[in-house]
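Reviewing the structure listed below.
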Amino acid sequence: MPTDIKDMIPAEERYRSKTPRSHDAFKQMGSVMPGVAKGAYYYAPYPITIDHADGCYLYDIDGNQYVDFANHHTAQILGHNHPAINEAVTQQLKKGIAVAGPMGVETQLASEICRRVDSVESIRFCNSGTEATLHAVRLAREYTGRYKIAKFEGGYHGSHDSVEISVAPDLQKAGPSDRPNAVPTAGGMPPNATENIVILPDNNEEVVERIIAEHKQDLACVLLDPKAGIMPQRPEFVRTVREITEKNDILLMLDEIVGFRAARGGIQSQYNISPDLTTFGKIIGGGFPIGAFGGRKDLMALLDPTNKGARLFQSGTFSAHPVAMAAGMALLGELNESAFEHLAFLSDRLTDGLNHIFIHSSTPVQVACSASTFSFYFTEHPVRTYRDSVASDQVKVHQVFLALLDQGYYLGNGLGMNCLSLPMNETHIDGLIQAIENALEVFVE
Ligand SMILES: Cc1ncc(COP(=O)(O)O)c(C=O)c1O
C-alpha cells in the first residue's frame, strides 16, 4: 500500500527549517519564471538553490553541504570545478568563445569519440541529447525512405514530438503489455504525433520480434537506451534487439546519452553490439551543453555537403560550440582506464552495501546498479519493465529523497537516475549506504 501523504510532514518540516533562503529564492524564481527555471529542477516543496559546487560536493545558499549523487542529471563524472576542465575552458575562452567557423577543436573531439566507439565512423555535434535524437531519427528516415520509428515503453530520448511518446504513460491508457499503445507524454502535441511510432515492451524478446516483424515495411529504426543502472537489464536482450533489427533490415539507434558513462567504448562495448547510429550527450561536453550523433559512414554521408548525394542539412547556431568541445576533450583526457576502474570499485561497494541493507529491510526495495549509475524502486517485485517501475511507491521515494537531503546526500529527483563521480571514495559510498539505512527506518512500524 502506498504510504499516506501525512507521513511526509516531519521530513518536509526538517527540510524547510534548514533551507529558508532556498525557499525565498524559489518564490523569487516563480515570480519571473513558471515555477522553476526548468521542469527537472522542481521537487516538492521547493528545490534547494545551489550556491557553488566543488569536487563531489554541492553547497546551497543556506550553507548546507551535500555529496552530489545527481551529478547534473548524470552529465558530470569528473566532479565539479575540475582543474583540467577549468584550464581547457580558460584557454578556449582566450582563443574565441563563438565564431562562425570551425576552430579545429571539434575535429579533435570527433576523432576521440570515433577512436573510442568502434561503431562510430563519423559524427556530428549539436547542443543537447534532444537535438541528437531529432537529427538521428531524421537521418534514419531519409536513409531508409521509411517514416515509422520504434521505441521502448518508458524510454526517454529527449523532448521532441517524434520521440516523447510513451515515456511515462498512464497504465489505463497504455494498452496490453504485449501490444503497448503509443501515448503522448506532453500536452501540445498534434493528434497525429503517435501515428509514426511503434511502442515495444522492455525485456520481452518474443513480443519485440513479433511487433517489429509486423511493422518492418514501415520502420526506419529502433531506438534503444539500455537503461543500465536505471532498470536492471539483460545484455542478451539488448543483443537480441540488435539481431532482430539486422534480420529485418531496420537501423538500430543506440541512445548512449547516459550509457556512455559506462565504459571507454560506451555501453555498446560492454554489451558487445554494433549499432548503426549512436546518440551522445551529457558527459561528453565536460559539463557544457552538447549532443552528438554518429555511426556508419554511409549513413552519415547523407549530411556531407561535399557529397553530391547529400540529402540533409544539420546545423544550429551553437552546434559544435568550441568551449563545449574543449571541455569535452579535457573530460575524455581524464576518463581513462583507471578512472573506469575506480568507478567500478565504488559501484561494486555500493551494490553490495545496498543489497545488504535492502535484504534486511522490512520495506521492499529493488535496486538497479550498473557501472556508475544506480536507482531504487520501492516495490516488492523485481523491476524489469516500465510497468514494473510504476508500482514504486512515490510517496516513499520522496520521503527518502528528503531524508537523504537532510543527511547531506543529494540524489536524483525521484531516485531514478543517480550516479557516481570520480572524486568520490569509500567514505562517500559508505556514508550514503548508512544514510539510506537511516532513511528506511522511518518506515518501520
Ligand atoms: C537516455 C536519454 N536520452 C536523451 C536525453 C535528452 O537529452 P537532453 O536533456 O540533453 O536533451 C536524456 C536526458 O535525460 C536521456 O536520459
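Ligands are numbered from 1 in the order shown, residues from 1 within each chain, and chains are lettered A, B, ... in the order they appear in the C-alpha cells.
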When you look at segment 135-142 of chain A with a cut-off of 7 Å (counting only C-alpha atoms), what residues show up, excluding the ones that are within fewer than 5 positions of it in the same chain? I need them as JSON, numbers by chain. {"A": [147, 220, 221, 293]}
How would you write, as a ChimeraX atom specification, the set of residues no farther than 10 Å from ligand 1 when counting only C-alpha atoms and all ligand atoms? /A:40,72-75,126-134,155-160,163-164,223-227,230,254-260,279-283,289-292,417
Since we have the selection now, will you write its residues out, keeping N, CA and C atoms, as a compact mmCIF listing (two decimals), in the first residue's frame?
# COMPACT_ATOMS: atom_id res chain seq x y z
N ALA A 40 12.89 19.96 -14.76
CA ALA A 40 13.60 18.94 -13.97
C ALA A 40 14.16 19.48 -12.66
N HIS A 72 24.31 16.57 -12.01
CA HIS A 72 23.65 17.26 -13.12
C HIS A 72 22.99 16.29 -14.10
N HIS A 73 22.01 15.58 -13.57
CA HIS A 73 21.24 14.62 -14.38
C HIS A 73 22.18 13.63 -15.09
N THR A 74 23.21 13.19 -14.41
CA THR A 74 24.25 12.25 -14.89
C THR A 74 25.27 12.87 -15.86
N ALA A 75 25.19 14.18 -16.07
CA ALA A 75 26.09 14.80 -17.07
C ALA A 75 27.49 15.10 -16.54
N CYS A 126 25.75 18.71 -31.79
CA CYS A 126 24.65 19.65 -31.61
C CYS A 126 24.67 20.08 -30.13
N ASN A 127 23.55 20.60 -29.62
CA ASN A 127 23.61 21.21 -28.28
C ASN A 127 22.98 20.40 -27.16
N SER A 128 22.29 19.33 -27.49
CA SER A 128 21.61 18.56 -26.43
C SER A 128 21.32 17.16 -26.94
N GLY A 129 20.98 16.29 -26.00
CA GLY A 129 20.58 14.95 -26.37
C GLY A 129 19.30 14.98 -27.20
N THR A 130 18.42 15.91 -26.88
CA THR A 130 17.17 16.05 -27.65
C THR A 130 17.47 16.30 -29.12
N GLU A 131 18.38 17.23 -29.37
CA GLU A 131 18.74 17.52 -30.77
C GLU A 131 19.41 16.32 -31.42
N ALA A 132 20.19 15.59 -30.64
CA ALA A 132 20.90 14.44 -31.20
C ALA A 132 19.90 13.40 -31.72
N THR A 133 18.88 13.08 -30.92
CA THR A 133 17.93 12.07 -31.38
C THR A 133 17.04 12.63 -32.49
N LEU A 134 16.77 13.94 -32.44
CA LEU A 134 15.96 14.55 -33.51
C LEU A 134 16.66 14.38 -34.87
N GLY A 155 11.00 4.56 -22.31
CA GLY A 155 12.29 5.11 -22.76
C GLY A 155 12.17 6.61 -23.01
N TYR A 156 13.19 7.36 -22.54
CA TYR A 156 13.20 8.81 -22.78
C TYR A 156 14.36 9.12 -23.73
N HIS A 157 14.05 9.81 -24.81
CA HIS A 157 15.09 10.15 -25.78
C HIS A 157 15.09 11.64 -26.10
N GLY A 158 14.54 12.44 -25.19
CA GLY A 158 14.52 13.88 -25.43
C GLY A 158 13.11 14.38 -25.62
N SER A 159 13.00 15.72 -25.78
CA SER A 159 11.67 16.32 -25.73
C SER A 159 11.22 16.88 -27.07
N HIS A 160 11.31 16.06 -28.12
CA HIS A 160 10.68 16.46 -29.39
C HIS A 160 9.56 15.48 -29.74
N VAL A 163 9.72 11.53 -30.48
CA VAL A 163 10.15 10.51 -29.51
C VAL A 163 9.55 10.65 -28.11
N GLU A 164 8.93 11.79 -27.81
CA GLU A 164 8.43 11.94 -26.44
C GLU A 164 7.05 11.30 -26.32
N LEU A 223 14.87 2.71 -31.60
CA LEU A 223 15.66 3.47 -30.63
C LEU A 223 15.74 2.69 -29.34
N LEU A 224 16.94 2.54 -28.83
CA LEU A 224 17.09 1.76 -27.60
C LEU A 224 18.10 2.43 -26.67
N ASP A 225 17.63 2.70 -25.45
CA ASP A 225 18.54 3.10 -24.37
C ASP A 225 18.58 1.91 -23.43
N PRO A 226 19.72 1.24 -23.31
CA PRO A 226 19.73 0.03 -22.47
C PRO A 226 19.41 0.29 -20.99
N LYS A 227 19.38 1.56 -20.57
CA LYS A 227 18.95 1.91 -19.21
C LYS A 227 19.73 1.18 -18.12
N ILE A 230 19.59 2.05 -14.44
CA ILE A 230 18.31 2.74 -14.23
C ILE A 230 17.25 1.65 -14.08
N LEU A 254 21.30 3.37 -30.97
CA LEU A 254 21.54 3.18 -29.54
C LEU A 254 21.69 4.54 -28.88
N ASP A 255 20.87 4.79 -27.88
CA ASP A 255 20.94 6.06 -27.16
C ASP A 255 21.95 5.90 -26.02
N GLU A 256 23.12 6.50 -26.22
CA GLU A 256 24.20 6.43 -25.20
C GLU A 256 24.35 7.77 -24.48
N ILE A 257 23.26 8.50 -24.44
CA ILE A 257 23.32 9.84 -23.82
C ILE A 257 23.66 9.72 -22.33
N VAL A 258 23.12 8.70 -21.68
CA VAL A 258 23.55 8.36 -20.32
C VAL A 258 24.58 7.22 -20.38
N GLY A 259 24.33 6.24 -21.25
CA GLY A 259 25.10 4.99 -21.28
C GLY A 259 26.59 5.18 -21.51
N PHE A 260 26.98 6.25 -22.16
CA PHE A 260 28.40 6.43 -22.49
C PHE A 260 29.27 6.57 -21.25
N THR A 279 23.56 7.94 -30.35
CA THR A 279 23.42 9.34 -29.91
C THR A 279 24.17 9.52 -28.59
N PHE A 280 24.74 10.71 -28.45
CA PHE A 280 25.52 11.06 -27.25
C PHE A 280 25.04 12.40 -26.71
N GLY A 281 25.44 12.69 -25.48
CA GLY A 281 25.13 13.99 -24.86
C GLY A 281 25.77 14.00 -23.49
N LYS A 282 25.16 14.72 -22.55
CA LYS A 282 25.59 14.69 -21.14
C LYS A 282 27.10 14.82 -20.97
N ILE A 283 27.80 13.72 -20.56
CA ILE A 283 29.19 13.90 -20.10
C ILE A 283 30.15 14.38 -21.19
N PRO A 289 26.70 22.47 -22.53
CA PRO A 289 25.62 21.90 -23.34
C PRO A 289 26.17 21.24 -24.61
N ILE A 290 25.74 20.01 -24.84
CA ILE A 290 26.25 19.27 -26.00
C ILE A 290 25.32 18.12 -26.35
N GLY A 291 25.38 17.71 -27.58
CA GLY A 291 24.76 16.48 -28.04
C GLY A 291 25.57 16.05 -29.24
N ALA A 292 25.43 14.79 -29.65
CA ALA A 292 26.13 14.34 -30.85
C ALA A 292 25.44 13.09 -31.37
N MET A 417 17.63 8.10 -11.15
CA MET A 417 18.80 8.27 -12.02
C MET A 417 19.91 8.94 -11.20
Counting only C-alpha atoms, which residues of segment 225-248 of chain A fall within 9 Å of segment 264-273 of chain A, and what is the closest atom pair for each with its distance in Å at one decimal, ordered by chain and rising number, as JSON lines?
{"residue": "A:Pro226", "atom": "CA", "partner": "A:Ile267", "partner_atom": "CA", "distance": 8.2}
{"residue": "A:Ala228", "atom": "CA", "partner": "A:Ile267", "partner_atom": "CA", "distance": 8.4}
{"residue": "A:Pro235", "atom": "CA", "partner": "A:Tyr271", "partner_atom": "CA", "distance": 5.7}
{"residue": "A:Glu236", "atom": "CA", "partner": "A:Tyr271", "partner_atom": "CA", "distance": 8.0}
{"residue": "A:Val238", "atom": "CA", "partner": "A:Tyr271", "partner_atom": "CA", "distance": 7.4}
{"residue": "A:Arg239", "atom": "CA", "partner": "A:Ile273", "partner_atom": "CA", "distance": 6.3}
{"residue": "A:Arg242", "atom": "CA", "partner": "A:Ile273", "partner_atom": "CA", "distance": 7.1}
Dump as a compact mmCIF listing (two decimals), in the first residue's frame, selection limited to all heavy atoms:
# COMPACT_ATOMS: atom_id res chain seq x y z
N PRO A 226 19.72 1.24 -23.31
CA PRO A 226 19.73 0.03 -22.47
C PRO A 226 19.41 0.29 -20.99
O PRO A 226 19.20 -0.66 -20.24
CB PRO A 226 21.14 -0.52 -22.65
CG PRO A 226 21.69 0.14 -23.85
CD PRO A 226 21.01 1.47 -23.95
N ALA A 228 20.98 0.86 -18.39
CA ALA A 228 21.77 0.17 -17.37
C ALA A 228 21.93 1.07 -16.16
O ALA A 228 22.23 2.25 -16.29
CB ALA A 228 23.14 -0.20 -17.94
N PRO A 235 21.93 -8.15 -20.84
CA PRO A 235 22.67 -7.85 -22.07
C PRO A 235 22.17 -8.70 -23.24
O PRO A 235 22.16 -8.24 -24.39
CB PRO A 235 24.12 -8.20 -21.72
CG PRO A 235 24.19 -8.11 -20.23
CD PRO A 235 22.84 -8.47 -19.71
N GLU A 236 21.72 -9.94 -22.96
CA GLU A 236 21.22 -10.79 -24.06
C GLU A 236 20.02 -10.15 -24.74
O GLU A 236 19.82 -10.31 -25.94
CB GLU A 236 20.75 -12.19 -23.58
CG GLU A 236 21.62 -12.89 -22.57
CD GLU A 236 21.29 -12.43 -21.16
OE1 GLU A 236 20.24 -12.79 -20.63
OE2 GLU A 236 22.12 -11.70 -20.58
N VAL A 238 19.48 -6.92 -25.12
CA VAL A 238 19.98 -5.85 -26.00
C VAL A 238 20.58 -6.46 -27.27
O VAL A 238 20.34 -5.98 -28.39
CB VAL A 238 21.02 -4.99 -25.24
CG1 VAL A 238 21.62 -3.93 -26.14
CG2 VAL A 238 20.40 -4.37 -24.00
N ARG A 239 21.31 -7.56 -27.11
CA ARG A 239 21.91 -8.21 -28.28
C ARG A 239 20.83 -8.80 -29.19
O ARG A 239 20.94 -8.74 -30.42
CB ARG A 239 22.89 -9.31 -27.83
CG ARG A 239 24.19 -8.71 -27.29
CD ARG A 239 25.28 -9.75 -27.21
NE ARG A 239 25.14 -10.60 -26.04
CZ ARG A 239 25.65 -10.32 -24.84
NH1 ARG A 239 26.35 -9.23 -24.66
NH2 ARG A 239 25.48 -11.12 -23.83
N ARG A 242 19.44 -6.18 -31.34
CA ARG A 242 20.35 -5.93 -32.47
C ARG A 242 20.13 -6.98 -33.57
O ARG A 242 20.04 -6.66 -34.76
CB ARG A 242 21.80 -5.94 -31.97
CG ARG A 242 22.89 -5.92 -33.02
CD ARG A 242 23.01 -4.65 -33.84
NE ARG A 242 22.02 -4.43 -34.88
CZ ARG A 242 22.12 -3.52 -35.83
NH1 ARG A 242 23.16 -2.71 -35.89
NH2 ARG A 242 21.18 -3.36 -36.73
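Nearest residue to Ile433 of chain A among A:Asn418, A:Thr351, A:Ser122, A:Asn181 is A:Thr351, counting only C-alpha atoms.
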Using DSSP assignments from the backbone, pull out every residue in segment 15-153 of chain A that falls under alpha helix (DSSP H) and give it to me as a PyMOL selection string. chain A and resi 15-18+20-32+71-74+83-95+105-116+129-144
Go ahead and write the residues just picked, C-alpha atoms, as a tab-separated table (two decimals), in the first residue's frame.
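Just written: again07.tsv:
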chain	number	residue	atom	x	y	z
A	15	TYR	CA	13.78	20.34	5.07
A	16	ARG	CA	12.01	23.69	5.34
A	17	SER	CA	13.75	24.56	8.60
A	18	LYS	CA	17.19	24.01	7.02
A	20	PRO	CA	14.73	29.13	4.32
A	21	ARG	CA	16.87	31.01	1.79
A	22	SER	CA	16.20	28.40	-0.86
A	23	HIS	CA	12.51	28.87	-0.11
A	24	ASP	CA	12.79	32.62	-0.72
A	25	ALA	CA	14.83	32.08	-3.88
A	26	PHE	CA	12.15	29.71	-5.13
A	27	LYS	CA	9.45	32.34	-4.58
A	28	GLN	CA	11.51	34.89	-6.46
A	29	MET	CA	12.16	32.43	-9.30
A	30	GLY	CA	8.46	31.70	-9.62
A	31	SER	CA	7.68	35.40	-9.92
A	32	VAL	CA	9.53	35.61	-13.25
A	71	ASN	CA	25.75	14.99	-10.97
A	72	HIS	CA	23.65	17.26	-13.12
A	73	HIS	CA	21.24	14.62	-14.38
A	74	THR	CA	24.25	12.25	-14.89
A	83	PRO	CA	41.21	21.73	-12.89
A	84	ALA	CA	41.55	20.02	-16.30
A	85	ILE	CA	38.14	21.34	-17.42
A	86	ASN	CA	38.79	24.79	-15.97
A	87	GLU	CA	42.15	25.01	-17.72
A	88	ALA	CA	40.82	23.84	-21.11
A	89	VAL	CA	37.88	26.24	-20.92
A	90	THR	CA	40.08	29.18	-19.88
A	91	GLN	CA	42.43	28.56	-22.82
A	92	GLN	CA	39.47	28.31	-25.22
A	93	LEU	CA	37.85	31.50	-23.86
A	94	LYS	CA	41.04	33.36	-24.72
A	95	LYS	CA	41.11	31.95	-28.26
A	105	VAL	CA	38.86	21.54	-31.51
A	106	GLU	CA	35.67	19.96	-32.88
A	107	THR	CA	37.76	17.64	-35.08
A	108	GLN	CA	39.76	16.64	-32.01
A	109	LEU	CA	36.66	15.70	-30.03
A	110	ALA	CA	35.10	13.91	-33.01
A	111	SER	CA	38.32	11.92	-33.55
A	112	GLU	CA	38.50	10.94	-29.90
A	113	ILE	CA	34.91	9.67	-29.82
A	114	CYS	CA	35.39	7.77	-33.10
A	115	ARG	CA	38.57	6.24	-31.66
A	116	ARG	CA	36.74	5.07	-28.56
A	129	GLY	CA	20.58	14.95	-26.37
A	130	THR	CA	17.17	16.05	-27.65
A	131	GLU	CA	18.74	17.52	-30.77
A	132	ALA	CA	20.90	14.44	-31.20
A	133	THR	CA	17.93	12.07	-31.38
A	134	LEU	CA	15.96	14.55	-33.51
A	135	HIS	CA	18.66	14.64	-36.18
A	136	ALA	CA	19.46	10.94	-35.94
A	137	VAL	CA	15.79	9.99	-36.42
A	138	ARG	CA	15.58	12.29	-39.43
A	139	LEU	CA	18.71	10.71	-40.86
A	140	ALA	CA	17.35	7.19	-40.36
A	141	ARG	CA	14.10	8.16	-42.07
A	142	GLU	CA	15.83	9.73	-45.02
A	143	TYR	CA	18.29	6.84	-45.43
A	144	THR	CA	15.65	4.12	-45.37
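Nearest to Gln65 of chain A of all the residues A:Leu299, A:Ala53, A:Ala44, A:Leu312 is A:Ala53, counting only C-alpha atoms.
Considering only C-alpha atoms, the residue among A:Ala11, A:Val208, A:Leu219, A:Leu354 positioned nearest to Val442 of chain A is A:Ala11.
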Could you pull the residues within 8 Å of His342 of chain A, counting only C-alpha atoms, minus those fewer than 4 positions along the same chain, as a list of chain:residue names? A:Ser338, A:Leu346, A:Leu422
Write to file, as a compact mmCIF listing (two decimals), in the first residue's frame, the residues of the selection just made, with C-alpha atoms.
# COMPACT_ATOMS: atom_id res chain seq x y z
CA SER A 338 41.99 3.81 -14.18
CA LEU A 346 32.86 2.24 -5.94
CA LEU A 422 35.44 10.34 -9.79
Between A:Met103, A:Ala439, A:Leu200, A:Ala391, smallest distance to Gln407 of chain A by only C-alpha atoms belongs to A:Ala439
Set the distance at 7 Å and use only C-alpha atoms: which residues neighbour Ser347 of chain A once local chain neighbours fewer than 4 positions away are removed? I'd like the list as number ranges by chain. A: 343, 351, 371-372
Filtering to N, CA and C atoms, could you give me those residues as a JSON list (two decimals), in the first residue's frame?
[["chain", "number", "residue", "atom", "x", "y", "z"],
["A", 343, "LEU", "N", 35.58, 3.88, -10.67],
["A", 343, "LEU", "CA", 34.12, 3.93, -10.63],
["A", 343, "LEU", "C", 33.53, 2.53, -10.43],
["A", 351, "THR", "N", 26.74, -1.43, -4.58],
["A", 351, "THR", "CA", 25.77, -2.51, -4.85],
["A", 351, "THR", "C", 25.72, -3.48, -3.68],
["A", 371, "ALA", "N", 27.66, -0.08, -13.73],
["A", 371, "ALA", "CA", 28.73, 0.89, -13.96],
["A", 371, "ALA", "C", 28.57, 1.98, -12.91],
["A", 372, "SER", "N", 28.42, 3.24, -13.29],
["A", 372, "SER", "CA", 28.39, 4.28, -12.26],
["A", 372, "SER", "C", 27.00, 4.85, -12.03]]
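Nearest to Ile48 of chain A of all the residues A:Pro423, A:Gly63, A:Gly333, A:Gly294 is A:Gly63, based on only C-alpha atoms.
With atom CA of Phe340 of chain A on one side and atom CA of Gly79 of chain A on the other, the separation reads 14.0 Å.
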Determine which residues of segment 213-403 of chain A receive a DSSP assignment of strand (DSSP E or B), computed from the backbone, and state them as a PDB file with C-alpha atoms, in the first residue's frame.
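The resulting selection.pdb:
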ATOM      1  CA  LEU A 219      10.145   1.060 -39.797  1.00  0.00           C
ATOM      2  CA  ALA A 220      13.228   3.225 -40.278  1.00  0.00           C
ATOM      3  CA  CYS A 221      14.841   2.485 -36.940  1.00  0.00           C
ATOM      4  CA  VAL A 222      14.517   1.153 -33.421  1.00  0.00           C
ATOM      5  CA  LEU A 223      15.663   3.474 -30.631  1.00  0.00           C
ATOM      6  CA  LEU A 224      17.090   1.760 -27.602  1.00  0.00           C
ATOM      7  CA  LEU A 251      18.516   0.531 -38.339  1.00  0.00           C
ATOM      8  CA  LEU A 252      19.370   0.277 -34.656  1.00  0.00           C
ATOM      9  CA  MET A 253      19.924   3.614 -32.938  1.00  0.00           C
ATOM     10  CA  LEU A 254      21.540   3.181 -29.540  1.00  0.00           C
ATOM     11  CA  ASP A 255      20.937   6.060 -27.157  1.00  0.00           C
ATOM     12  CA  LEU A 277      23.700   5.004 -35.215  1.00  0.00           C
ATOM     13  CA  THR A 278      24.535   6.207 -31.716  1.00  0.00           C
ATOM     14  CA  THR A 279      23.420   9.335 -29.907  1.00  0.00           C
ATOM     15  CA  PHE A 280      25.523  11.058 -27.252  1.00  0.00           C
ATOM     16  CA  GLY A 281      25.133  13.987 -24.864  1.00  0.00           C
ATOM     17  CA  GLY A 291      24.758  16.480 -28.035  1.00  0.00           C
ATOM     18  CA  ALA A 292      26.133  14.335 -30.847  1.00  0.00           C
ATOM     19  CA  PHE A 293      25.048  11.622 -33.219  1.00  0.00           C
ATOM     20  CA  GLY A 294      27.236   9.345 -35.266  1.00  0.00           C
ATOM     21  CA  GLY A 295      27.602   5.962 -36.819  1.00  0.00           C
ATOM     22  CA  GLN A 366      14.561  -3.002  -5.625  1.00  0.00           C
ATOM     23  CA  VAL A 367      17.899  -1.629  -6.717  1.00  0.00           C
ATOM     24  CA  ALA A 368      19.438  -1.261 -10.147  1.00  0.00           C
ATOM     25  CA  CYS A 369      23.156  -0.581 -10.222  1.00  0.00           C
ATOM     26  CA  SER A 370      25.417  -0.772 -13.232  1.00  0.00           C
ATOM     27  CA  THR A 373      24.593   4.674 -12.355  1.00  0.00           C
ATOM     28  CA  PHE A 374      22.057   3.436  -9.786  1.00  0.00           C
ATOM     29  CA  SER A 375      18.336   3.639  -8.978  1.00  0.00           C
ATOM     30  CA  PHE A 376      15.830   2.453  -6.379  1.00  0.00           C
ATOM     31  CA  TYR A 377      12.243   1.363  -6.621  1.00  0.00           C
TER      32      TYR A 377
END
Interatomic distance, atom CA of Lys148 of chain A to atom CA of Ile197 of chain A (Å, one decimal): 5.4 Å
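One finds atom CA of Tyr41 of chain A at 14.0 Å from atom CA of Asp60 of chain A.
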Which residue gives the smallest distance to Tyr57 of chain A among A:Ile429, A:Asp388, A:Tyr410, A:Ile97, with only C-alpha atoms counted? A:Tyr410
